[in-house]
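See below for entry.cif, which holds mmCIF, C-alpha atoms.
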```cif
data_start
loop_
_atom_site.label_atom_id
_atom_site.label_comp_id
_atom_site.auth_asym_id
_atom_site.auth_seq_id
_atom_site.Cartn_x
_atom_site.Cartn_y
_atom_site.Cartn_z
CA MET A 69 -7.71 -13.03 16.73
CA PRO A 70 -4.53 -11.17 17.78
CA ASN A 71 -4.31 -9.24 21.02
CA SER A 72 -6.68 -6.31 20.62
CA SER A 73 -4.37 -3.52 21.85
CA TYR A 74 -1.48 -2.10 19.86
CA ASP A 75 0.74 0.99 19.69
CA ALA A 76 0.32 3.75 17.14
CA LEU A 77 1.56 7.28 16.50
CA VAL A 78 -1.56 9.41 16.91
CA VAL A 79 -1.96 12.99 15.70
CA SER A 80 -4.62 14.89 17.69
CA GLU A 81 -6.04 18.39 17.37
CA THR A 82 -5.57 19.98 20.80
CA ASP A 83 -7.39 23.18 19.84
CA LYS A 84 -8.13 24.94 16.56
CA ASN A 85 -5.16 24.45 14.19
CA ASN A 86 -2.87 23.13 16.94
CA PHE A 87 -1.84 19.49 16.85
CA SER A 88 0.04 17.08 19.11
CA ILE A 89 1.83 13.88 18.13
CA LYS A 90 2.40 11.02 20.56
CA VAL A 91 2.46 7.23 20.75
CA GLN A 92 -0.78 5.86 22.20
CA SER A 93 -2.34 2.49 22.83
CA LYS A 94 -5.17 1.73 20.39
CA ASP A 95 -7.64 -1.12 20.02
CA ILE A 96 -8.11 -3.18 16.87
CA SER A 97 -11.87 -2.71 17.16
CA ASP A 98 -11.32 1.02 16.43
CA LEU A 99 -9.91 0.27 12.98
CA PRO A 100 -12.12 0.86 9.92
CA GLU A 101 -13.87 -1.92 8.08
CA GLY A 102 -11.92 -4.01 5.61
CA ASP A 103 -11.34 -7.62 4.66
CA LEU A 104 -7.63 -7.60 5.49
CA LEU A 105 -6.04 -7.07 8.93
CA ILE A 106 -2.26 -6.64 8.72
CA ARG A 107 0.25 -6.76 11.56
CA VAL A 108 2.63 -4.03 10.41
CA HIS A 109 6.35 -4.81 10.74
CA TYR A 110 7.76 -1.77 8.91
CA SER A 111 6.55 1.52 7.55
CA SER A 112 8.33 4.51 6.05
CA LEU A 113 8.17 8.29 6.30
CA ASN A 114 7.01 10.28 3.28
CA TYR A 115 6.34 13.99 2.82
CA LYS A 116 2.59 13.31 2.73
CA ASP A 117 2.93 11.71 6.19
CA ALA A 118 4.66 14.80 7.51
CA LEU A 119 1.85 16.97 6.14
CA SER A 120 -0.77 14.72 7.74
CA ALA A 121 1.12 14.84 11.05
CA SER A 122 1.14 18.64 10.94
CA GLY A 123 -2.65 18.89 10.49
CA ASN A 124 -2.78 19.53 6.75
CA ARG A 125 -6.48 19.24 5.85
CA GLY A 126 -5.61 18.70 2.19
CA VAL A 127 -4.17 15.32 3.23
CA THR A 128 -6.21 14.36 6.30
CA ARG A 129 -9.66 15.77 7.02
CA HIS A 130 -10.40 14.39 10.48
CA TYR A 131 -8.36 13.98 13.66
CA PRO A 132 -7.29 12.13 15.79
CA HIS A 133 -5.54 10.17 13.07
CA VAL A 134 -2.74 7.64 12.53
CA PRO A 135 -0.63 8.64 9.48
CA GLY A 136 1.60 6.36 7.42
CA ILE A 137 0.84 5.86 3.72
CA ASP A 138 3.15 2.80 3.61
CA ALA A 139 2.94 -0.50 5.46
CA ALA A 140 4.60 -3.89 5.15
CA GLY A 141 3.69 -6.79 7.35
CA VAL A 142 1.95 -10.11 7.84
CA VAL A 143 -1.72 -10.93 7.35
CA ALA A 144 -3.37 -11.38 10.77
CA GLU A 145 -6.92 -11.87 9.49
CA SER A 146 -8.37 -12.21 6.00
CA SER A 147 -11.87 -12.72 4.64
CA ASN A 148 -10.59 -12.48 1.08
CA PRO A 149 -9.39 -15.63 -0.73
CA LEU A 150 -6.49 -13.72 -2.28
CA PHE A 151 -4.66 -13.62 1.07
CA ARG A 152 -4.11 -16.17 3.81
CA LEU A 153 -3.05 -15.92 7.44
CA GLY A 154 0.71 -15.29 7.61
CA ASP A 155 1.15 -13.97 4.06
CA GLN A 156 3.74 -11.21 3.74
CA VAL A 157 2.14 -8.18 2.11
CA LEU A 158 2.83 -4.54 1.39
CA ALA A 159 0.32 -1.74 1.04
CA CYS A 160 1.11 1.73 -0.27
CA GLY A 161 -1.09 4.58 -1.40
CA PHE A 162 -4.84 4.59 -1.97
CA ASP A 163 -6.32 6.13 1.20
CA ILE A 164 -3.90 4.50 3.65
CA GLY A 165 -2.57 7.04 6.14
CA MET A 166 -4.66 9.85 4.68
CA ASN A 167 -8.19 9.33 6.03
CA THR A 168 -7.77 5.62 6.79
CA ALA A 169 -5.59 4.68 9.79
CA GLY A 170 -2.11 4.08 8.41
CA GLY A 171 1.19 2.34 8.83
CA PHE A 172 2.38 4.31 11.88
CA GLY A 173 0.29 1.83 13.85
CA GLN A 174 1.16 -1.81 14.53
CA PHE A 175 -2.09 -2.89 12.84
CA ILE A 176 -4.03 -1.64 9.83
CA ARG A 177 -7.30 -2.88 8.39
CA ILE A 178 -7.84 -2.20 4.69
CA PRO A 179 -9.65 -3.54 1.62
CA ALA A 180 -7.68 -6.44 0.14
CA GLU A 181 -7.55 -4.55 -3.17
CA TRP A 182 -5.13 -2.08 -1.57
CA ALA A 183 -2.52 -4.74 -0.80
CA LEU A 184 -0.24 -6.96 -2.84
CA PRO A 185 2.11 -9.83 -1.97
CA CYS A 186 5.53 -8.62 -0.93
CA PRO A 187 8.02 -9.76 -3.58
CA GLN A 188 9.92 -12.69 -2.10
CA ASP A 189 13.29 -11.40 -3.26
CA LEU A 190 12.71 -8.03 -1.58
CA GLY A 191 11.37 -8.71 1.92
CA LEU A 192 9.33 -6.53 4.27
CA ARG A 193 12.09 -4.23 5.52
CA ASP A 194 13.62 -3.53 2.11
CA SER A 195 10.19 -2.93 0.60
CA MET A 196 9.79 -0.03 3.03
CA ILE A 197 13.19 1.40 2.17
CA TYR A 198 11.52 1.96 -1.18
CA GLY A 199 7.93 2.53 -0.02
CA THR A 200 5.83 5.11 -1.84
CA ALA A 201 8.90 7.25 -2.50
CA GLY A 202 10.77 4.43 -4.21
CA PHE A 203 7.67 3.29 -6.05
CA THR A 204 7.14 6.86 -7.32
CA ALA A 205 10.78 7.09 -8.40
CA ALA A 206 10.47 3.77 -10.23
CA GLN A 207 7.25 4.95 -11.90
CA SER A 208 9.06 8.08 -13.07
CA VAL A 209 12.00 6.14 -14.47
CA LYS A 210 9.68 3.66 -16.22
CA ARG A 211 7.79 6.51 -17.89
CA LEU A 212 11.07 7.94 -19.17
CA LEU A 213 12.16 4.54 -20.48
CA ASP A 214 8.81 3.94 -22.14
CA PHE A 215 8.76 7.40 -23.73
CA PRO A 216 11.57 6.54 -24.68
CA VAL A 217 14.29 8.55 -22.99
CA VAL A 218 16.94 5.85 -22.80
CA PRO A 219 20.53 5.86 -21.51
CA GLY A 220 22.86 7.44 -24.05
CA LYS A 221 20.46 10.18 -25.17
CA GLY A 222 21.95 12.70 -22.77
CA LYS A 223 21.92 13.80 -19.15
CA ILE A 224 18.93 13.42 -16.87
CA LEU A 225 18.12 16.08 -14.28
CA VAL A 226 16.79 15.00 -10.87
CA THR A 227 15.37 17.73 -8.64
CA GLY A 228 14.90 17.47 -4.88
CA ALA A 229 17.62 14.85 -5.09
CA THR A 230 18.21 14.35 -1.35
CA GLY A 231 14.56 13.54 -0.64
CA GLY A 232 13.01 10.08 -0.71
CA VAL A 233 11.86 10.11 -4.34
CA GLY A 234 14.87 12.04 -5.58
CA SER A 235 17.53 9.95 -3.86
CA ILE A 236 16.06 6.65 -5.09
CA ALA A 237 15.62 8.12 -8.58
CA VAL A 238 19.32 9.08 -8.61
CA ALA A 239 20.40 5.59 -7.50
CA LEU A 240 18.04 3.84 -9.93
CA LEU A 241 18.99 5.98 -12.92
CA LYS A 242 22.66 5.35 -12.22
CA HIS A 243 21.97 1.62 -11.88
CA LEU A 244 20.32 1.65 -15.32
CA GLY A 245 23.25 3.44 -16.96
CA TYR A 246 22.07 7.05 -17.19
CA LYS A 247 24.30 10.07 -16.72
CA LEU A 248 22.65 12.50 -14.35
CA THR A 249 22.75 15.86 -12.65
CA ALA A 250 21.23 16.26 -9.18
CA VAL A 251 19.66 19.42 -7.76
CA SER A 252 20.04 19.97 -4.03
CA GLY A 253 19.82 22.84 -1.58
CA LYS A 254 22.03 20.99 0.89
CA PRO A 255 25.78 21.52 0.24
CA GLN A 256 26.59 18.97 2.96
CA ALA A 257 24.82 16.27 0.92
CA ALA A 258 27.27 16.35 -2.00
CA GLU A 259 29.10 13.18 -0.92
CA PHE A 260 25.79 11.39 -0.33
CA LEU A 261 24.57 12.22 -3.85
CA THR A 262 27.90 11.36 -5.45
CA GLN A 263 27.86 7.93 -3.81
CA LEU A 264 24.35 7.36 -5.14
CA GLY A 265 25.52 8.11 -8.66
CA ALA A 266 25.19 11.82 -9.41
CA GLU A 267 27.95 13.01 -11.76
CA GLU A 268 27.14 16.67 -11.23
CA ILE A 269 25.38 18.54 -8.43
CA ILE A 270 23.84 21.98 -8.87
CA THR A 271 22.08 24.28 -6.41
CA ARG A 272 18.44 25.26 -6.43
CA GLN A 273 19.50 28.72 -7.57
CA GLN A 274 21.33 27.24 -10.56
CA ALA A 275 18.31 25.09 -11.38
CA ALA A 276 15.79 27.95 -11.43
CA ASP A 277 15.76 30.61 -14.15
CA TYR A 278 13.87 33.82 -13.46
CA SER A 279 14.71 35.63 -16.71
CA GLY A 280 11.22 35.22 -18.10
CA LYS A 281 12.53 33.60 -21.29
CA PHE A 282 10.15 31.20 -22.99
CA LEU A 283 12.94 28.78 -23.90
CA LEU A 284 16.43 28.14 -22.54
CA LYS A 285 19.53 26.38 -23.85
CA GLU A 286 18.88 22.67 -24.34
CA LYS A 287 20.59 20.68 -21.55
CA TRP A 288 18.56 17.67 -20.48
CA ALA A 289 17.42 14.60 -22.38
CA GLY A 290 14.85 14.21 -19.61
CA ALA A 291 14.16 15.09 -16.00
CA VAL A 292 12.60 13.65 -12.86
CA ASP A 293 11.05 16.53 -10.95
CA THR A 294 9.87 16.22 -7.36
CA VAL A 295 9.45 19.88 -6.38
CA GLY A 296 7.34 21.80 -8.92
CA GLY A 297 7.37 25.57 -9.35
CA GLU A 298 10.13 27.52 -11.06
CA ILE A 299 12.58 24.61 -10.96
CA LEU A 300 10.16 22.40 -12.89
CA ALA A 301 9.43 25.18 -15.37
CA THR A 302 13.16 25.72 -15.91
CA ALA A 303 13.74 22.00 -16.43
CA ILE A 304 11.03 21.90 -19.10
CA LYS A 305 12.43 24.99 -20.86
CA SER A 306 15.91 23.38 -20.81
CA THR A 307 14.91 19.94 -22.12
CA VAL A 308 16.11 18.93 -25.60
CA TYR A 309 13.86 18.53 -28.61
CA GLY A 310 11.62 15.51 -28.13
CA GLY A 311 12.60 15.01 -24.48
CA ALA A 312 10.36 14.33 -21.50
CA VAL A 313 10.01 15.51 -17.91
CA THR A 314 8.18 13.62 -15.16
CA CYS A 315 6.38 15.53 -12.41
CA CYS A 316 5.38 14.02 -9.05
CA GLY A 317 5.62 16.70 -6.34
CA ASN A 318 4.99 20.29 -5.29
CA VAL A 319 7.18 20.79 -2.22
CA ALA A 320 8.55 24.03 -3.74
CA SER A 321 5.32 25.22 -5.35
CA PRO A 322 2.18 23.90 -7.04
CA ASP A 323 2.48 26.61 -9.68
CA LEU A 324 3.98 26.11 -13.13
CA PRO A 325 5.11 29.47 -14.55
CA LEU A 326 5.49 28.43 -18.17
CA SER A 327 4.47 29.20 -21.74
CA VAL A 328 3.43 26.59 -24.31
CA TYR A 329 6.63 27.05 -26.34
CA PRO A 330 8.61 24.08 -24.97
CA PHE A 331 5.71 21.85 -25.97
CA ILE A 332 4.90 23.28 -29.41
CA LEU A 333 8.40 24.25 -30.59
CA ARG A 334 10.54 21.49 -29.05
CA GLY A 335 7.98 18.73 -28.63
CA VAL A 336 8.82 18.35 -24.94
CA SER A 337 6.38 16.16 -23.00
CA LEU A 338 5.35 16.58 -19.36
CA LEU A 339 4.51 13.22 -17.80
CA GLY A 340 2.41 13.29 -14.64
CA ILE A 341 3.16 10.67 -11.97
CA ASP A 342 0.56 9.60 -9.40
CA SER A 343 1.29 6.81 -6.93
CA ALA A 344 -1.86 6.91 -4.76
CA GLN A 345 -4.38 5.68 -7.33
CA CYS A 346 -2.04 3.71 -9.59
CA PRO A 347 -3.88 0.51 -10.67
CA ILE A 348 -2.84 -2.65 -8.87
CA HIS A 349 -1.73 -4.48 -12.05
CA ILE A 350 0.76 -1.71 -12.79
CA ARG A 351 1.90 -1.69 -9.15
CA LYS A 352 2.68 -5.40 -9.30
CA LYS A 353 4.82 -5.00 -12.43
CA ILE A 354 6.80 -2.10 -10.97
CA TRP A 355 7.35 -3.83 -7.62
CA GLN A 356 8.64 -6.90 -9.47
CA LYS A 357 11.10 -4.64 -11.33
CA ILE A 358 12.18 -3.08 -8.02
CA ALA A 359 12.76 -6.54 -6.54
CA GLY A 360 14.46 -7.80 -9.70
CA ASP A 361 16.74 -6.16 -12.24
CA TRP A 362 16.08 -2.67 -10.85
CA ARG A 363 17.26 -3.65 -7.36
CA ILE A 364 19.61 -0.94 -6.04
CA GLU A 365 22.84 -2.34 -4.62
CA ASN A 366 23.72 0.45 -2.17
CA LEU A 367 20.26 0.57 -0.60
CA GLU A 368 21.42 0.83 3.03
CA SER A 369 23.24 4.09 2.32
CA LEU A 370 19.80 5.71 1.97
CA VAL A 371 18.41 4.53 5.29
CA THR A 372 17.78 5.85 8.77
CA GLU A 373 15.78 3.40 10.90
CA CYS A 374 13.72 4.45 13.91
CA GLY A 375 10.87 3.37 16.17
CA LEU A 376 7.56 5.10 16.79
CA GLN A 377 8.97 7.11 19.71
CA GLU A 378 11.70 8.67 17.54
CA LEU A 379 9.45 9.30 14.55
CA PRO A 380 8.20 12.80 15.54
CA THR A 381 11.78 14.07 15.39
CA HIS A 382 12.15 12.84 11.82
CA ILE A 383 8.79 14.32 10.87
CA GLU A 384 9.93 17.72 12.15
CA ARG A 385 13.21 17.44 10.23
CA MET A 386 11.30 16.68 7.04
CA LEU A 387 8.98 19.66 7.50
CA GLN A 388 12.02 21.88 8.07
CA GLY A 389 13.74 20.66 4.89
CA ARG A 390 16.60 19.02 6.82
CA HIS A 391 15.78 15.44 5.86
CA THR A 392 18.02 13.29 3.63
CA GLY A 393 17.33 9.86 2.13
CA ARG A 394 14.79 7.45 3.56
CA VAL A 395 13.44 6.94 7.09
CA ILE A 396 11.99 3.51 7.78
CA VAL A 397 9.92 2.82 10.88
CA ASN A 398 10.38 -0.45 12.80
CA LEU A 399 7.09 -1.49 14.46
CA LEU A 400 8.21 -4.92 15.69
#
```

Can the structure in the file be given as structure tokens, please?
Amino acid sequence: MPNSSYDALVVSETDKNNFSIKVQSKDISDLPEGDLLIRVHYSSLNYKDALSASGNRGVTRHYPHVPGIDAAGVVAESSNPLFRLGDQVLACGFDIGMNTAGGFGQFIRIPAEWALPCPQDLGLRDSMIYGTAGFTAAQSVKRLLDFPVVPGKGKILVTGATGGVGSIAVALLKHLGYKLTAVSGKPQAAEFLTQLGAEEIITRQQAADYSGKFLLKEKWAGAVDTVGGEILATAIKSTVYGGAVTCCGNVASPDLPLSVYPFILRGVSLLGIDSAQCPIHIRKKIWQKIAGDWRIENLESLVTECGLQELPTHIERMLQGRHTGRVIVNLL
């Protein structure tokens, strides 16, 4: 049994709809039931974590709470034969960090079905550079490939390109030989996106059409959308005949102001991407791709690393829309 006390970033409700965030000492006995206790080495910051940390009841119902939908570490206790003491594992999605204490604590206890062995060629730290954001980006790219929207069919549009999902999608698409256009509201991020592989960068205003037209000029063989709203609708209306658009986020809006015409006149397909409940057998295949021939060479260019004490600053930056790339959290 490891030492019972550990550090965690705890979000507490100080009074109605007001929340505080600070590092506190917790006890392992306070963790929920589960057959796997993991000593967390690294976590990562995702938009869902920032929402949980701000008191969003759509993500987390009860406080105090430890966010962190991603965790990578070493098995400290296991009552499941699938995992042994000392195994390196990663756990992303399901209820981790939502209503189950998450990876912003040095320990988590979860059902073994929520974890999988960390690919040996990836390692704990690099797995969290990807995390849920990278896994979601890889899911999106796989859906395009399977559709198929393959390299050579035309340009791919990536929206929200400086965020976690968007930046990894840009780098992965470039790695696989696609030509792509990135959408960003941050002019200062042009060099960052160019280094990742974007051949063209357009603004949010250029990516959103408010004319009310049912269809627009065909531009994109496919798209990876992370923001929703008018930008997603415009991407769909601008996709070529038989193309496909993946959808995984709603940071701009949950609405989709759209007619059926792109679907019934151009045969465009909208492919929904969910990472939280993705079955474990699919997760394993995608993580093996990430660790193998989909491994991104310039991974470190995406990364800011911090400890628990610095994490609230990065959460605030993400909520303010000033975040770029990936933030990984070192809990060693």

Can you pull out the residues contacting segment 245-248 of chain A? Cut-off 6 Å, using only C-alpha atoms, and skip same-chain residues under 3 positions away; I want them as an mmCIF file with C-alpha atoms, in the coordinates of the input.
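Result written to around-v8.cif:
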```
data_model
loop_
_atom_site.group_PDB
_atom_site.id
_atom_site.type_symbol
_atom_site.label_atom_id
_atom_site.label_comp_id
_atom_site.auth_asym_id
_atom_site.auth_seq_id
_atom_site.Cartn_x
_atom_site.Cartn_y
_atom_site.Cartn_z
ATOM 1 C CA PRO A 219 20.530 5.860 -21.510
ATOM 2 C CA LYS A 223 21.920 13.800 -19.150
ATOM 3 C CA ILE A 224 18.930 13.420 -16.870
ATOM 4 C CA LEU A 225 18.120 16.080 -14.280
ATOM 5 C CA LEU A 241 18.990 5.980 -12.920
ATOM 6 C CA LYS A 242 22.660 5.350 -12.220
ATOM 7 C CA ALA A 266 25.190 11.820 -9.410
ATOM 8 C CA GLU A 267 27.950 13.010 -11.760
#
```

Could you state which residues are captured by the PyMOL selection byres ((chain A and resi 198-208) around 9) in this file, as a PDB file with C-alpha atoms, keeping the file's coordinate frame?
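part28.pdb written:
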```pdb
ATOM      1  CA  SER A 111       6.550   1.520   7.550  1.00  0.00           C
ATOM      2  CA  SER A 112       8.330   4.510   6.050  1.00  0.00           C
ATOM      3  CA  LEU A 113       8.170   8.290   6.300  1.00  0.00           C
ATOM      4  CA  ASN A 114       7.010  10.280   3.280  1.00  0.00           C
ATOM      5  CA  TYR A 115       6.340  13.990   2.820  1.00  0.00           C
ATOM      6  CA  ILE A 137       0.840   5.860   3.720  1.00  0.00           C
ATOM      7  CA  ASP A 138       3.150   2.800   3.610  1.00  0.00           C
ATOM      8  CA  ALA A 139       2.940  -0.500   5.460  1.00  0.00           C
ATOM      9  CA  ALA A 140       4.600  -3.890   5.150  1.00  0.00           C
ATOM     10  CA  LEU A 158       2.830  -4.540   1.390  1.00  0.00           C
ATOM     11  CA  ALA A 159       0.320  -1.740   1.040  1.00  0.00           C
ATOM     12  CA  CYS A 160       1.110   1.730  -0.270  1.00  0.00           C
ATOM     13  CA  GLY A 161      -1.090   4.580  -1.400  1.00  0.00           C
ATOM     14  CA  ASP A 194      13.620  -3.530   2.110  1.00  0.00           C
ATOM     15  CA  SER A 195      10.190  -2.930   0.600  1.00  0.00           C
ATOM     16  CA  MET A 196       9.790  -0.030   3.030  1.00  0.00           C
ATOM     17  CA  ILE A 197      13.190   1.400   2.170  1.00  0.00           C
ATOM     18  CA  VAL A 209      12.000   6.140 -14.470  1.00  0.00           C
ATOM     19  CA  LYS A 210       9.680   3.660 -16.220  1.00  0.00           C
ATOM     20  CA  ARG A 211       7.790   6.510 -17.890  1.00  0.00           C
ATOM     21  CA  LEU A 212      11.070   7.940 -19.170  1.00  0.00           C
ATOM     22  CA  LEU A 213      12.160   4.540 -20.480  1.00  0.00           C
ATOM     23  CA  GLY A 231      14.560  13.540  -0.640  1.00  0.00           C
ATOM     24  CA  GLY A 232      13.010  10.080  -0.710  1.00  0.00           C
ATOM     25  CA  VAL A 233      11.860  10.110  -4.340  1.00  0.00           C
ATOM     26  CA  GLY A 234      14.870  12.040  -5.580  1.00  0.00           C
ATOM     27  CA  SER A 235      17.530   9.950  -3.860  1.00  0.00           C
ATOM     28  CA  ILE A 236      16.060   6.650  -5.090  1.00  0.00           C
ATOM     29  CA  ALA A 237      15.620   8.120  -8.580  1.00  0.00           C
ATOM     30  CA  VAL A 238      19.320   9.080  -8.610  1.00  0.00           C
ATOM     31  CA  LEU A 240      18.040   3.840  -9.930  1.00  0.00           C
ATOM     32  CA  VAL A 292      12.600  13.650 -12.860  1.00  0.00           C
ATOM     33  CA  ASP A 293      11.050  16.530 -10.950  1.00  0.00           C
ATOM     34  CA  VAL A 313      10.010  15.510 -17.910  1.00  0.00           C
ATOM     35  CA  THR A 314       8.180  13.620 -15.160  1.00  0.00           C
ATOM     36  CA  CYS A 315       6.380  15.530 -12.410  1.00  0.00           C
ATOM     37  CA  CYS A 316       5.380  14.020  -9.050  1.00  0.00           C
ATOM     38  CA  LEU A 339       4.510  13.220 -17.800  1.00  0.00           C
ATOM     39  CA  GLY A 340       2.410  13.290 -14.640  1.00  0.00           C
ATOM     40  CA  ILE A 341       3.160  10.670 -11.970  1.00  0.00           C
ATOM     41  CA  ASP A 342       0.560   9.600  -9.400  1.00  0.00           C
ATOM     42  CA  SER A 343       1.290   6.810  -6.930  1.00  0.00           C
ATOM     43  CA  ALA A 344      -1.860   6.910  -4.760  1.00  0.00           C
ATOM     44  CA  ARG A 351       1.900  -1.690  -9.150  1.00  0.00           C
ATOM     45  CA  ILE A 354       6.800  -2.100 -10.970  1.00  0.00           C
ATOM     46  CA  TRP A 355       7.350  -3.830  -7.620  1.00  0.00           C
ATOM     47  CA  LYS A 357      11.100  -4.640 -11.330  1.00  0.00           C
ATOM     48  CA  ILE A 358      12.180  -3.080  -8.020  1.00  0.00           C
ATOM     49  CA  TRP A 362      16.080  -2.670 -10.850  1.00  0.00           C
ATOM     50  CA  LEU A 367      20.260   0.570  -0.600  1.00  0.00           C
ATOM     51  CA  ARG A 394      14.790   7.450   3.560  1.00  0.00           C
ATOM     52  CA  ILE A 396      11.990   3.510   7.780  1.00  0.00           C
TER      53      ILE A 396
END
```

Exercise for the section: List, as a PyMOL selection string, every residue that the PyMOL selection byres ((chain A and resi 72) around 6) selects in the file provided. Expected result: chain A and resi 71+73+95-96

Next on the checklist: Excluding Ser97 of chain A and its own-chain neighbours fewer than 3 positions away, which residues fall within 12 Å of it when counting only C-alpha atoms? Please give them as a PyMOL selection string.
Outcome noted: chain A and resi 69-74+94+100-102+105+175-177

Problem - Interatomic distance (Å, one decimal) between atom CA of Val226 of chain A and atom CA of Asn366 of chain A - result: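 The value is 18.3 Å.
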
Could you list, as a PyMOL selection string, every residue within 7 Å of Val217 of chain A, counting all atoms listed in the file and ignoring same-chain residues fewer than 5 positions away? chain A and resi 212+289-290+311

* To do: Name the residues captured by the PyMOL selection byres ((chain A and resi 335) around 10) when it is applied to the shown file; answer as a count of residues only.
  => 15

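In this model, the gap between atom CA of Ile89 of chain A and atom CA of Leu379 of chain A comes to 9.6 Å.
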
Can you list, as a list of chain:residue names, every protein, DNA or RNA residue that comes within 8 Å of Cys186 of chain A when you count only C-alpha atoms, leaving out same-chain residues fewer than 2 positions away?
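Within the cut-off, the hits are A:Ala140, A:Gln156, A:Val157, A:Leu158, A:Leu184, A:Gln188, A:Leu190, A:Gly191, A:Leu192, A:Ser195.
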
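With distances restricted to only C-alpha atoms, A:Asn86 is the closest residue to Tyr131 of chain A from A:Thr372, A:Asn86, A:Gln263, A:Thr249.
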
Grab the atom CA of Ala118 of chain A to atom CA of Gly171 of chain A distance for me, in Å with one decimal place.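 Atom CA of Gly171 of chain A lies 13.0 Å from atom CA of Ala118 of chain A.
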
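Distances from A:Val143, A:Leu150, A:Val78, A:Ala258 to Gly165 of chain A were compared using all atoms listed in the file, and the smallest one belongs to A:Val78.
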
task: Go through A:Pro132, A:Gly228, A:Pro179, A:Pro380 and flag the residue nearest Ser147 of chain A, using only C-alpha atoms for the distances.
output: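 Checking each of A:Pro132, A:Gly228, A:Pro179, A:Pro380 against Ser147 of chain A, counting only C-alpha atoms, the winner is A:Pro179.
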
Option closest in space to Lys352 of chain A, from A:Pro255, A:Ala76, A:Glu181, A:Asp155 [counting only C-alpha atoms]: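 Residue with the minimum atom-to-atom distance to Lys352 of chain A: A:Glu181.
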
Set the distance at 6 Å and use all atoms listed in the file: which residues neighbour Ala276 of chain A once local chain neighbours fewer than 5 positions away are removed? I'd like the list as a PDB file with C-alpha atoms, keeping the file's coordinate frame.
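Result saved to around_5.pdb:
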```pdb
ATOM      1  CA  GLU A 298      10.130  27.520 -11.060  1.00  0.00           C
ATOM      2  CA  ILE A 299      12.580  24.610 -10.960  1.00  0.00           C
ATOM      3  CA  THR A 302      13.160  25.720 -15.910  1.00  0.00           C
TER       4      THR A 302
END
```

Looking at A:Leu300, A:Ile270, A:Leu99, A:Val397, which one is nearest to His382 of chain A, with distances taken over all atoms listed in the file?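 Checking each of A:Leu300, A:Ile270, A:Leu99, A:Val397 against His382 of chain A, counting all atoms listed in the file, the winner is A:Val397.
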
Using only C-alpha atoms, the shortest atom-to-atom distance to Gln273 of chain A among A:Lys285, A:Lys84, A:Arg107, A:Lys254 belongs to A:Lys254
